[in-house]
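A.B. asks: If it helps, the file is called start.tsv and holds TSV, C-alpha atoms:
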chain	number	residue	atom	x	y	z
A	396	MET	CA	12.70	-3.27	-6.59
A	397	HIS	CA	10.74	-1.24	-4.03
A	398	TRP	CA	8.82	1.05	-6.36
A	399	SER	CA	5.66	0.06	-8.21
A	400	PRO	CA	6.09	-0.15	-11.98
A	401	LEU	CA	3.78	2.32	-13.75
A	402	GLN	CA	1.96	-0.49	-15.60
A	403	VAL	CA	1.22	-2.16	-12.27
A	404	ALA	CA	0.07	1.13	-10.73
A	405	GLY	CA	-2.22	1.76	-13.71
A	406	LYS	CA	-3.85	-1.65	-13.43
A	407	ALA	CA	-4.24	-1.26	-9.66
A	408	VAL	CA	-5.81	2.20	-10.00
A	409	GLN	CA	-8.34	0.85	-12.54
A	410	PHE	CA	-9.49	-1.73	-10.00
A	411	LEU	CA	-9.41	0.50	-6.92
A	412	ALA	CA	-10.72	3.85	-8.19
A	413	GLN	CA	-14.00	2.89	-9.79
A	414	GLU	CA	-16.11	5.36	-7.76
A	415	VAL	CA	-15.81	9.14	-7.63
A	416	GLY	CA	-14.31	10.40	-4.37
A	417	VAL	CA	-13.00	7.02	-3.24
A	418	LYS	CA	-10.17	7.13	-0.68
A	419	ILE	CA	-7.26	4.81	-1.46
A	420	LEU	CA	-4.44	4.12	1.01
A	421	ASP	CA	-1.03	2.87	-0.09
A	422	ILE	CA	0.47	1.03	2.88
A	423	GLY	CA	4.24	1.56	2.81
A	424	SER	CA	4.15	4.23	0.13
A	425	GLY	CA	7.89	4.93	-0.05
A	426	VAL	CA	8.51	7.93	-2.32
A	427	GLY	CA	4.84	7.92	-3.33
A	428	LYS	CA	5.11	6.61	-6.88
A	429	PHE	CA	1.82	4.69	-6.75
A	430	CYS	CA	-0.09	7.57	-5.15
A	431	LEU	CA	1.39	10.18	-7.49
A	432	ALA	CA	0.62	8.13	-10.61
A	433	GLY	CA	-2.86	7.33	-9.34
A	434	ALA	CA	-3.60	10.94	-8.47
A	435	HIS	CA	-2.50	12.03	-11.94
A	436	TYR	CA	-4.50	9.43	-13.85
A	437	LYS	CA	-7.59	9.42	-11.61
A	438	PRO	CA	-8.21	12.97	-10.36
A	439	SER	CA	-11.69	11.99	-9.11
A	440	ALA	CA	-10.14	9.76	-6.39
A	441	MET	CA	-8.14	10.66	-3.28
A	442	PHE	CA	-4.83	8.90	-2.74
A	443	TYR	CA	-3.08	8.60	0.61
A	444	GLY	CA	0.33	7.16	1.35
A	445	VAL	CA	1.62	6.06	4.72
A	446	GLU	CA	5.35	5.63	5.20
A	447	GLN	CA	7.65	5.24	8.23
A	448	ARG	CA	10.64	6.96	6.66
A	449	GLU	CA	10.33	10.71	6.98
A	450	TYR	CA	12.79	11.49	4.19
A	451	LEU	CA	10.71	9.43	1.71
A	452	VAL	CA	7.52	11.25	2.74
A	453	TRP	CA	9.38	14.53	2.30
A	454	GLN	CA	10.45	13.53	-1.24
A	455	ALA	CA	6.92	12.40	-2.13
A	456	THR	CA	5.50	15.71	-0.89
A	457	ILE	CA	8.01	17.71	-2.94
A	458	VAL	CA	7.06	15.81	-6.11
A	459	ARG	CA	3.33	16.17	-5.36
A	460	ASP	CA	3.73	19.92	-4.99
A	461	ARG	CA	5.83	20.25	-8.15
A	462	LEU	CA	3.20	18.31	-10.10
A	463	GLY	CA	0.40	20.42	-8.62
A	464	LEU	CA	-1.60	17.40	-7.50
A	465	THR	CA	-4.30	18.21	-4.98
A	466	ASN	CA	-5.79	14.72	-4.56
A	467	VAL	CA	-2.87	13.06	-2.81
A	468	GLN	CA	-1.59	13.25	0.78
A	469	PHE	CA	1.27	11.52	2.59
A	470	HIS	CA	1.46	10.54	6.25
A	471	HIS	CA	4.71	9.98	8.10
A	472	CYS	CA	3.91	7.22	10.59
A	473	ASN	CA	3.61	3.49	11.00
A	474	PHE	CA	0.43	2.20	9.34
A	475	THR	CA	-0.66	0.74	12.70
A	476	GLN	CA	-1.22	4.34	13.85
A	477	LEU	CA	-3.95	4.93	11.25
A	478	ASP	CA	-7.61	3.98	11.43
A	479	LEU	CA	-8.04	1.96	8.25
A	480	ARG	CA	-11.80	2.54	8.41
A	481	ALA	CA	-11.08	6.09	7.19
A	482	TYR	CA	-10.20	4.66	3.75
A	483	ASP	CA	-12.24	2.79	1.15
A	484	HIS	CA	-9.65	0.69	-0.66
A	485	PHE	CA	-5.99	-0.27	-0.32
A	486	TYR	CA	-2.80	-0.84	-2.29
A	487	PHE	CA	-0.10	-3.01	-0.76
A	488	TYR	CA	3.26	-3.67	-2.40
A	489	ASN	CA	4.59	-6.06	0.25
A	490	ALA	CA	6.10	-3.38	2.45
A	491	PHE	CA	6.70	-5.90	5.24
A	492	PHE	CA	9.00	-8.20	3.26
A	493	GLU	CA	12.12	-6.18	4.01
A	494	ASN	CA	11.79	-7.50	7.57
A	495	LEU	CA	12.74	-10.93	6.21
A	496	SER	CA	15.49	-10.11	3.73
A	497	HIS	CA	18.74	-8.32	4.59
A	498	GLN	CA	19.56	-7.75	0.91
A	499	GLU	CA	16.24	-6.13	-0.01
A	500	ARG	CA	16.02	-3.34	2.55
A	501	ILE	CA	15.65	0.26	1.49
A	502	ASP	CA	17.93	1.47	4.27
A	503	ASP	CA	18.75	0.90	7.93
A	504	SER	CA	16.65	3.74	9.35
A	505	ILE	CA	13.93	1.51	10.84
A	506	ALA	CA	13.89	-1.68	12.91
A	507	TYR	CA	13.61	-5.02	11.10
A	508	SER	CA	12.79	-8.52	12.32
A	509	LYS	CA	10.82	-11.66	11.49
A	510	GLU	CA	8.65	-10.79	14.49
A	511	LEU	CA	7.76	-7.42	12.93
A	512	TYR	CA	6.86	-9.13	9.64
A	513	ASP	CA	4.56	-11.52	11.52
A	514	TYR	CA	3.07	-8.74	13.65
A	515	TYR	CA	2.42	-6.39	10.72
A	516	SER	CA	0.92	-9.18	8.58
A	517	TYR	CA	-1.34	-10.33	11.41
A	518	TYR	CA	-2.32	-6.76	12.33
A	519	LEU	CA	-3.20	-5.84	8.73
A	520	ASN	CA	-5.13	-9.11	8.29
A	521	ARG	CA	-7.22	-8.33	11.39
A	522	GLN	CA	-7.84	-4.71	10.39
A	523	LEU	CA	-8.85	-5.62	6.83
A	524	GLY	CA	-11.15	-8.30	8.19
A	525	VAL	CA	-13.41	-5.80	9.94
A	526	LEU	CA	-13.81	-3.50	6.93
A	527	PRO	CA	-17.15	-3.44	5.07
A	528	THR	CA	-18.26	-5.70	2.25
A	529	GLY	CA	-17.00	-4.38	-1.08
A	530	THR	CA	-13.63	-3.18	0.24
A	531	ARG	CA	-10.99	-3.65	-2.46
A	532	ILE	CA	-7.32	-4.45	-2.02
A	533	VAL	CA	-4.58	-4.75	-4.61
A	534	THR	CA	-1.45	-6.61	-3.59
A	535	TYR	CA	1.78	-6.71	-5.54
A	536	CYS	CA	4.59	-9.19	-4.79
A	537	SER	CA	2.78	-10.43	-1.70
A	538	TRP	CA	2.44	-13.91	-0.26
A	539	GLY	CA	-1.10	-13.05	0.82
A	540	ASP	CA	-0.47	-13.41	4.58
A	541	GLU	CA	-2.22	-10.12	5.16
A	542	ILE	CA	-5.42	-10.96	3.24
A	543	PRO	CA	-8.30	-12.33	5.35
A	544	ASP	CA	-10.38	-15.29	4.17
A	545	SER	CA	-13.34	-12.92	3.80
A	546	TYR	CA	-11.77	-11.51	0.59
A	547	LEU	CA	-12.18	-13.08	-2.82
A	548	LEU	CA	-9.41	-13.01	-5.43
A	549	VAL	CA	-11.17	-11.49	-8.45
A	550	GLU	CA	-8.26	-10.77	-10.79
A	551	SER	CA	-4.59	-11.56	-11.19
A	552	ASP	CA	-2.04	-10.15	-13.62
A	553	PHE	CA	1.70	-9.77	-14.23
A	554	ASP	CA	2.37	-13.51	-13.84
A	555	GLY	CA	0.36	-13.62	-10.62
A	556	LEU	CA	2.37	-10.89	-8.88
A	557	LEU	CA	-0.53	-8.42	-8.96
A	558	LYS	CA	-3.71	-9.61	-7.23
A	559	CYS	CA	-7.01	-7.81	-6.93
A	560	TRP	CA	-9.20	-8.72	-3.96
A	561	LYS	CA	-12.74	-7.78	-2.95
A	562	LYS	CA	-14.40	-8.39	0.40
A	563	LYS	CA	-17.38	-10.75	0.15
Represent the supplied structure as structure tokens.
C.D. replies:
Amino acid sequence: MHWSPLQVAGKAVQFLAQEVGVKILDIGSGVGKFCLAGAHYKPSAMFYGVEQREYLVWQATIVRDRLGLTNVQFHHCNFTQLDLRAYDHFYFYNAFFENLSHQERIDDSIAYSKELYDYYSYYLNRQLGVLPTGTRIVTYCSWGDEIPDSYLLVESDFDGLLKCWKKK
């Protein structure tokens, strides 16, 4: 439930990694499946994952090292601690939703609340809003709360669960 299917990751990488050297951030990267798949299939791009759970970042780093991937990095922190302007494009598999559903949480190692869902969605919306024209975002299983009006939906797939956005 919490990990991106490889078909979804492949489609997202096609949309996000169209330029050489592009920096792609996965917000709420978990064990790094999206970043690891992207780094393997698109070695000309840099993939970054940000995750609050240290043990998931540790697992992602172990897999990265075993695969010998040099174009992927993982950060252990809350995404609000990063400057999103350091990245070109973004992948977002509704990492905030577990704040709303008791049954769909990965674990109990972080705080959860409706207020955190609202705060994170609002914060991400504001941060994405100030990014330059041409910024791309792929959302998966998202209600779109985090996407500013300045982004245009340019593609949708997997019964509307995967959405590709580009800033106007």
A.B. asks: Give me the residues within 9 Å of segment 475-481 of chain A as a VMD selection string, counting only C-alpha atoms and dropping any in the same chain fewer than 2 places off.
C.D. replies: chain A and resid 418 420 445 472 to 473 483 515 518 to 519 522 to 523 525 to 527
A.B. asks: Go ahead and save the picked residues with C-alpha atoms, as a compact mmCIF listing (two decimals), in the frame of the given file.
C.D. replies:
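What ended up in result.txt:
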# COMPACT_ATOMS: atom_id res chain seq x y z
CA LYS A 418 -10.17 7.13 -0.68
CA LEU A 420 -4.44 4.12 1.01
CA VAL A 445 1.62 6.06 4.72
CA CYS A 472 3.91 7.22 10.59
CA ASN A 473 3.61 3.49 11.00
CA ASP A 483 -12.24 2.79 1.15
CA TYR A 515 2.42 -6.39 10.72
CA TYR A 518 -2.32 -6.76 12.33
CA LEU A 519 -3.20 -5.84 8.73
CA GLN A 522 -7.84 -4.71 10.39
CA LEU A 523 -8.85 -5.62 6.83
CA VAL A 525 -13.41 -5.80 9.94
CA LEU A 526 -13.81 -3.50 6.93
CA PRO A 527 -17.15 -3.44 5.07
A.B. asks: Please compute the atom CA of Ser424 of chain A-atom CA of Tyr535 of chain A distance, one decimal, in Å.
C.D. replies: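 Answer for the atom CA of Ser424 of chain A to atom CA of Tyr535 of chain A separation: 12.5 Å.
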A.B. asks: Separation of atom CA of Val549 of chain A and atom CA of Val426 of chain A, in Å?
C.D. replies: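 If I compute the distance from atom CA of Val549 of chain A to atom CA of Val426 of chain A, I get 28.3 Å.
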A.B. asks: Mind giving me the straight-line distance from atom CA of Ala404 of chain A to atom CA of Ser516 of chain A in Å, one decimal?
C.D. replies: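 A separation of 21.9 Å between them.
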A.B. asks: For segment 453-461 of chain A, work out the shell of residues within 8 Å, counting only C-alpha atoms and skipping chain neighbours fewer than 4 positions away, then give it as a PyMOL selection string.
C.D. replies: chain A and resi 425-428+431+449+465+467-469
A.B. asks: For the selection you just gave me, I'd like the residues written to a file as a PDB file, in the frame of the given file, keeping C-alpha atoms.
C.D. replies:
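The resulting again_37.pdb:
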ATOM      1  CA  GLY A 425       7.890   4.930  -0.050  1.00  0.00           C
ATOM      2  CA  VAL A 426       8.510   7.930  -2.320  1.00  0.00           C
ATOM      3  CA  GLY A 427       4.840   7.920  -3.330  1.00  0.00           C
ATOM      4  CA  LYS A 428       5.110   6.610  -6.880  1.00  0.00           C
ATOM      5  CA  LEU A 431       1.390  10.180  -7.490  1.00  0.00           C
ATOM      6  CA  GLU A 449      10.330  10.710   6.980  1.00  0.00           C
ATOM      7  CA  THR A 465      -4.300  18.210  -4.980  1.00  0.00           C
ATOM      8  CA  VAL A 467      -2.870  13.060  -2.810  1.00  0.00           C
ATOM      9  CA  GLN A 468      -1.590  13.250   0.780  1.00  0.00           C
ATOM     10  CA  PHE A 469       1.270  11.520   2.590  1.00  0.00           C
TER      11      PHE A 469
END
